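Participant: See structure29.csv below, with CSV, C-alpha atoms.
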```csv
chain,number,residue,atom,x,y,z
A,1,MET,CA,-33.0,20.3,9.5
A,2,VAL,CA,-36.3,22.2,10.1
A,3,THR,CA,-38.6,21.4,13.0
A,4,HIS,CA,-41.8,23.1,14.1
A,5,SER,CA,-44.4,22.4,16.7
A,6,LYS,CA,-46.8,24.6,14.9
A,7,GLY,CA,-46.5,26.7,11.8
A,8,PHE,CA,-48.2,29.4,9.7
A,9,ASN,CA,-49.9,26.8,7.5
A,10,SER,CA,-51.5,25.1,10.5
A,11,MET,CA,-53.3,28.3,11.7
A,12,SER,CA,-56.8,29.3,10.6
A,13,ILE,CA,-57.1,32.0,8.0
A,14,GLU,CA,-58.7,34.3,10.7
A,15,ALA,CA,-55.8,33.6,13.1
A,16,GLN,CA,-53.2,34.3,10.4
A,17,SER,CA,-54.8,37.6,9.5
A,18,GLN,CA,-55.0,38.8,13.1
A,19,HIS,CA,-51.4,37.9,14.1
A,20,PRO,CA,-49.6,41.2,15.0
A,21,LEU,CA,-46.5,40.4,12.9
A,22,ARG,CA,-48.7,40.5,9.7
A,23,TRP,CA,-48.3,44.3,10.0
A,24,PHE,CA,-44.7,44.0,8.7
A,25,LEU,CA,-45.7,42.2,5.5
A,26,SER,CA,-47.3,45.1,3.6
A,27,GLY,CA,-47.7,48.8,3.3
A,28,VAL,CA,-45.8,51.1,5.7
A,29,GLY,CA,-45.0,48.1,7.9
A,30,ALA,CA,-43.1,46.5,5.1
A,31,GLN,CA,-41.3,49.8,4.3
A,32,LEU,CA,-40.2,50.1,7.9
A,33,TYR,CA,-39.1,46.5,8.2
A,34,ALA,CA,-37.0,47.0,5.0
A,35,ARG,CA,-35.2,49.9,6.8
A,36,GLU,CA,-34.6,47.7,9.9
A,37,ARG,CA,-33.1,44.9,7.8
A,38,GLU,CA,-30.8,47.4,6.1
A,39,GLN,CA,-29.7,48.8,9.5
A,40,PHE,CA,-29.2,45.3,10.9
A,41,ALA,CA,-27.0,44.4,7.9
A,42,THR,CA,-24.5,47.1,9.1
A,43,VAL,CA,-24.1,45.2,12.4
A,44,HIS,CA,-24.1,41.8,10.8
A,45,HIS,CA,-21.4,42.7,8.2
A,46,SER,CA,-19.1,43.8,11.0
A,47,TYR,CA,-18.8,40.1,12.2
A,48,ARG,CA,-17.6,37.7,9.5
A,49,HIS,CA,-19.0,34.2,9.8
A,50,ALA,CA,-21.2,35.3,12.7
A,51,THR,CA,-23.7,32.8,14.0
A,52,VAL,CA,-27.1,34.7,14.2
A,53,LEU,CA,-30.2,33.8,16.2
A,54,GLN,CA,-33.4,35.7,15.5
A,55,LEU,CA,-36.3,35.7,18.0
A,56,GLY,CA,-39.6,36.2,16.2
A,57,ALA,CA,-40.7,38.4,13.3
A,58,PRO,CA,-40.0,37.9,9.5
A,59,PRO,CA,-36.3,37.0,8.7
A,60,MET,CA,-33.9,39.9,9.0
A,61,ILE,CA,-31.4,38.0,6.8
A,62,GLN,CA,-32.7,37.0,3.3
A,63,SER,CA,-29.6,35.6,1.7
A,64,PHE,CA,-27.3,32.8,2.8
A,65,SER,CA,-24.9,33.5,5.6
A,66,HIS,CA,-22.5,31.2,7.6
A,67,CYS,CA,-24.3,29.3,10.4
A,68,HIS,CA,-27.5,31.4,10.2
A,69,TYR,CA,-30.0,30.1,12.8
A,70,LEU,CA,-33.5,31.4,13.4
A,71,HIS,CA,-35.9,30.8,16.3
A,72,TYR,CA,-39.5,31.8,15.5
A,73,ASP,CA,-42.7,32.6,17.3
A,74,THR,CA,-44.7,29.4,17.7
A,75,ASP,CA,-47.8,31.1,16.5
A,76,LEU,CA,-46.6,32.2,13.1
A,77,TYR,CA,-44.0,30.6,10.8
A,78,PHE,CA,-42.1,32.7,8.3
A,79,PRO,CA,-40.0,30.7,5.7
A,80,SER,CA,-36.3,31.3,6.5
A,81,ILE,CA,-33.0,30.6,4.8
A,82,GLY,CA,-31.6,29.0,7.9
A,83,TYR,CA,-32.5,26.5,10.5
A,84,ASN,CA,-35.9,27.0,12.1
A,85,VAL,CA,-37.0,25.9,15.6
A,86,CYS,CA,-40.4,26.8,17.1
A,87,GLY,CA,-40.5,27.0,20.9
A,88,ASP,CA,-40.7,29.1,24.0
A,89,PHE,CA,-38.7,32.3,24.1
A,90,ASP,CA,-38.0,32.1,27.8
A,91,ARG,CA,-36.4,28.6,27.4
A,92,LEU,CA,-34.5,28.6,24.2
A,93,ALA,CA,-33.7,25.2,22.7
A,94,VAL,CA,-30.2,26.4,22.0
A,95,ARG,CA,-26.9,25.5,23.7
A,96,SER,CA,-25.1,28.0,25.9
A,97,GLU,CA,-22.5,30.4,24.6
A,98,ILE,CA,-22.8,29.5,21.0
A,99,MET,CA,-24.5,32.5,19.3
A,100,ASP,CA,-22.5,35.6,18.2
A,101,ILE,CA,-25.5,37.8,17.6
A,102,VAL,CA,-29.1,37.6,18.8
A,103,VAL,CA,-31.5,39.9,17.0
A,104,ILE,CA,-35.0,40.7,18.5
A,105,PRO,CA,-37.2,42.8,16.2
A,106,HIS,CA,-40.0,44.2,18.4
A,107,LEU,CA,-40.2,41.1,20.6
A,108,HIS,CA,-40.7,43.2,23.8
A,109,GLU,CA,-43.8,44.7,22.2
A,110,TYR,CA,-45.8,41.6,21.6
A,111,ILE,CA,-44.9,39.1,24.3
A,112,ALA,CA,-46.2,39.4,27.8
A,113,ASP,CA,-43.1,38.6,29.9
A,114,PHE,CA,-40.2,40.0,27.9
A,115,PRO,CA,-37.8,40.3,31.0
A,116,SER,CA,-37.8,36.5,31.3
A,117,VAL,CA,-36.2,36.2,27.9
A,118,ILE,CA,-33.2,38.4,28.7
A,119,PRO,CA,-31.3,35.8,30.8
A,120,GLU,CA,-31.8,33.3,28.0
A,121,ILE,CA,-30.3,35.7,25.5
A,122,TYR,CA,-27.4,36.2,27.8
A,123,ARG,CA,-26.9,32.4,28.2
A,124,VAL,CA,-26.8,31.6,24.4
A,125,LEU,CA,-24.5,34.4,23.5
A,126,VAL,CA,-20.8,33.9,23.3
A,127,PRO,CA,-18.7,36.1,25.6
A,128,GLU,CA,-18.8,39.6,24.2
A,129,GLY,CA,-21.6,38.6,21.9
A,130,ARG,CA,-24.2,41.2,20.7
A,131,VAL,CA,-27.9,41.6,21.0
A,132,VAL,CA,-29.7,43.9,18.5
A,133,ILE,CA,-33.1,45.2,19.5
A,134,PHE,CA,-35.7,47.1,17.4
A,135,GLY,CA,-38.6,48.9,19.0
A,136,PHE,CA,-41.1,51.7,18.3
A,137,ASN,CA,-40.1,55.1,19.6
A,138,PRO,CA,-42.7,56.7,21.9
A,139,TRP,CA,-41.2,60.1,21.2
A,140,SER,CA,-41.9,59.8,17.4
A,141,LEU,CA,-44.8,61.2,15.5
A,142,TRP,CA,-46.4,57.8,15.8
A,143,GLY,CA,-46.0,58.0,19.5
A,144,VAL,CA,-47.8,61.5,19.5
A,145,GLN,CA,-50.6,60.0,17.4
A,146,ARG,CA,-51.0,57.3,20.0
A,147,VAL,CA,-51.4,60.0,22.7
A,148,LEU,CA,-54.0,61.6,20.6
A,149,GLY,CA,-55.9,58.4,20.3
A,150,GLN,CA,-55.2,57.7,16.6
A,151,ARG,CA,-54.3,54.1,17.1
A,152,ASN,CA,-55.9,53.0,13.8
A,153,ILE,CA,-53.1,54.6,11.7
A,154,VAL,CA,-50.1,53.5,13.8
A,155,PRO,CA,-48.5,50.1,14.5
A,156,TRP,CA,-50.2,47.1,15.9
A,157,CYS,CA,-48.5,46.7,19.3
A,158,LYS,CA,-50.3,47.8,22.5
A,159,THR,CA,-47.4,49.8,24.0
A,160,PHE,CA,-44.3,51.8,22.8
A,161,TYR,CA,-41.5,51.1,25.3
A,162,ASN,CA,-39.0,53.8,25.9
A,163,ALA,CA,-35.5,52.8,24.7
A,164,ASN,CA,-34.0,53.8,28.1
A,165,MET,CA,-36.3,51.4,29.9
A,166,VAL,CA,-35.2,48.6,27.5
A,167,ILE,CA,-31.5,49.5,28.0
A,168,LYS,CA,-31.9,49.4,31.8
A,169,ARG,CA,-33.5,46.0,31.6
A,170,PHE,CA,-30.5,44.6,29.8
A,171,GLU,CA,-27.9,46.5,31.8
A,172,ASP,CA,-29.4,44.9,34.9
A,173,GLN,CA,-28.7,41.5,33.3
A,174,ASP,CA,-25.0,42.4,32.7
A,175,PHE,CA,-25.2,43.9,29.2
A,176,VAL,CA,-23.6,47.1,28.2
A,177,LEU,CA,-24.9,49.6,25.6
A,178,LEU,CA,-22.7,49.9,22.5
A,179,GLU,CA,-24.8,51.7,19.9
A,180,GLN,CA,-28.2,53.5,19.6
A,181,HIS,CA,-29.9,54.7,16.4
A,182,ARG,CA,-33.2,56.1,15.4
A,183,LEU,CA,-34.8,55.0,12.0
A,184,PHE,CA,-37.4,56.3,9.6
A,185,PRO,CA,-39.2,54.0,7.1
A,186,ALA,CA,-37.4,53.1,3.9
A,187,VAL,CA,-40.0,55.0,1.9
A,188,ARG,CA,-40.3,58.2,3.9
A,189,SER,CA,-43.3,60.5,4.1
A,190,GLU,CA,-42.7,64.2,3.4
A,191,CYS,CA,-42.8,65.0,7.1
A,192,CYS,CA,-40.2,62.3,7.9
A,193,GLN,CA,-37.9,63.6,5.1
A,194,VAL,CA,-38.1,67.1,6.6
A,195,LEU,CA,-37.3,65.8,10.1
A,196,GLU,CA,-34.3,63.8,8.7
A,197,GLN,CA,-33.0,66.9,6.8
A,198,LEU,CA,-33.3,68.9,10.1
A,199,GLY,CA,-31.3,66.2,11.9
A,200,CYS,CA,-34.2,65.3,14.2
A,201,HIS,CA,-33.2,61.6,14.3
A,202,VAL,CA,-34.4,61.4,17.9
A,203,LEU,CA,-37.9,61.5,16.5
A,204,GLY,CA,-37.4,58.5,14.3
A,205,VAL,CA,-40.2,56.0,14.5
A,206,VAL,CA,-38.0,53.1,15.5
A,207,TYR,CA,-34.9,52.7,17.7
A,208,MET,CA,-32.2,50.2,17.2
A,209,LEU,CA,-30.1,49.2,20.2
A,210,VAL,CA,-26.9,47.2,20.1
A,211,LEU,CA,-25.7,45.8,23.5
A,212,GLY,CA,-22.8,43.6,24.3
A,213,LYS,CA,-22.6,40.8,26.8
A,214,ARG,CA,-20.1,41.7,29.5
A,215,SER,CA,-17.1,39.3,29.4
A,216,ALA,CA,-13.4,39.5,29.7
A,217,THR,CA,-12.6,36.9,27.0
A,218,MET,CA,-13.9,35.7,23.7
A,219,THR,CA,-14.6,32.1,22.9
A,220,LEU,CA,-14.8,30.3,19.5
A,221,ASN,CA,-17.9,28.5,18.4
A,222,THR,CA,-17.7,24.8,17.9
A,223,GLU,CA,-19.1,22.6,15.1
A,224,ARG,CA,-21.5,20.8,17.4
A,225,SER,CA,-25.3,21.1,16.8
A,226,HIS,CA,-26.6,24.5,18.0
A,227,PHE,CA,-30.1,23.2,18.9
A,228,VAL,CA,-31.0,20.7,21.5
A,229,LYS,CA,-34.1,18.6,22.2
A,230,PRO,CA,-36.5,20.0,24.8
A,231,SER,CA,-35.6,17.1,27.2
A,232,GLU,CA,-31.9,17.8,27.0
A,233,ASN,CA,-30.0,19.8,29.6
A,234,LEU,CA,-29.4,23.2,28.1
A,235,ILE,CA,-26.4,24.1,30.3
```
Could you express the structure from this file as structure tokens?
Facilitator:
Amino acid sequence: MVTHSKGFNSMSIEAQSQHPLRWFLSGVGAQLYAREREQFATVHHSYRHATVLQLGAPPMIQSFSHCHYLHYDTDLYFPSIGYNVCGDFDRLAVRSEIMDIVVIPHLHEYIADFPSVIPEIYRVLVPEGRVVIFGFNPWSLWGVQRVLGQRNIVPWCKTFYNANMVIKRFEDQDFVLLEQHRLFPAVRSECCQVLEQLGCHVLGVVYMLVLGKRSATMTLNTERSHFVKPSENLI
């Protein structure tokens, strides 16, 4: 079952080439995204049979996994191995308390009202479910280049958001921080290699945050359909 309101193939060639997520499909963007997928796998493998919901960006999981569900940006469709629904991020067409993991690669950097998405992430997660967030680190070398005005050689997004600000947003919505990591691209430049050897991970170009939904108990997923029609009551 695959449903889209609008997909990649329905966009003009010009619109496709200008979409910000295209940055992850080649060059250093693809190298970095490979590293992010590798790091996400360490979280995903910790939860057998986890039901995963991804919001936007190319698929983090590229091989079959149990109950793998993806929710994509309505402006650009990436073929996925799981179920695919296009819709609004601030009103997810997903039933409450049914996802074990929600992964959001750089979502807060390319949508205007990211805070409105957080309550929806909380709603669809099972008690003690996990949200995994990837974002560009403003304290990295890329962040320094931004300050110097060299935007043509660093990522597409308008703003690098501090990880502490993102953590605070989620903590205000009853999440708790569990893990925090800094990442370099899969194919590292000489400078990145030196920084890693020196243990300067805080300067990594990307941070990965893992937060847990606060809850006293854990519930099991059911076999009912995970997605709902827009007209259905989501609660």
Participant: For atom CA of Pro185 of chain A and atom CA of Pro155 of chain A, determine how far apart the two atoms are, in Å to one decimal place.
Facilitator: 12.5 Å
Participant: Can you list, as a ChimeraX atom specification, every protein, DNA or RNA residue that comes within 8 Å of Ile133 of chain A when you count all atoms listed in the file, leaving out same-chain residues fewer than 6 positions away?
Facilitator: /A:103-106,207-210
Participant: Excluding Leu177 of chain A and residues on its chain fewer than 4 positions from it, collect all residues at most 10 Å away from it, counting all atoms listed in the file, and give them as a ChimeraX atom specification.
Facilitator: /A:130-131,167-168,170-171,209-213
Participant: Using only C-alpha atoms, pick whichever of A:Phe134, A:Phe89, A:Trp142, A:Phe40 has the shortest atom-to-atom distance to Trp156 of chain A.
Facilitator: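 Looking only at the distances to Trp156 of chain A, the closest residue turns out to be A:Trp142.
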Participant: So that I can check the surroundings of segment 109-113 of chain A, please list as a PyMOL selection string every protein, DNA and RNA residue that reaches within 9 Å of it, counting all atoms listed in the file and ignoring chain neighbours fewer than 4 positions away.
Facilitator: chain A and resi 20-21+90+117+135-136+157-161
Participant: I want to know what sits within 12 Å of Ala30 of chain A, based on only C-alpha atoms, with residues of the same chain fewer than 3 positions away left out; could you give that as a list in words?
Facilitator: Leu21, Arg22, Trp23, Phe24, Leu25, Ser26, Gly27, Tyr33, Ala34, Arg35, Glu36, Arg37, Ala57, Pro58, Met60, Pro155, Pro185, Ala186 and Val187 of chain A
Participant: Check the smallest atom-to-atom distance from each of A:Ile61, A:Ala50, A:Val132, A:Leu55 to Val176 of chain A using only C-alpha atoms, then report the winner.
Facilitator: A:Val132
Participant: Hey, can you check how far atom CA of His49 of chain A sits from atom CA of Cys86 of chain A?
Facilitator: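 According to the coordinates, atom CA of His49 of chain A and atom CA of Cys86 of chain A are separated by 23.8 Å.
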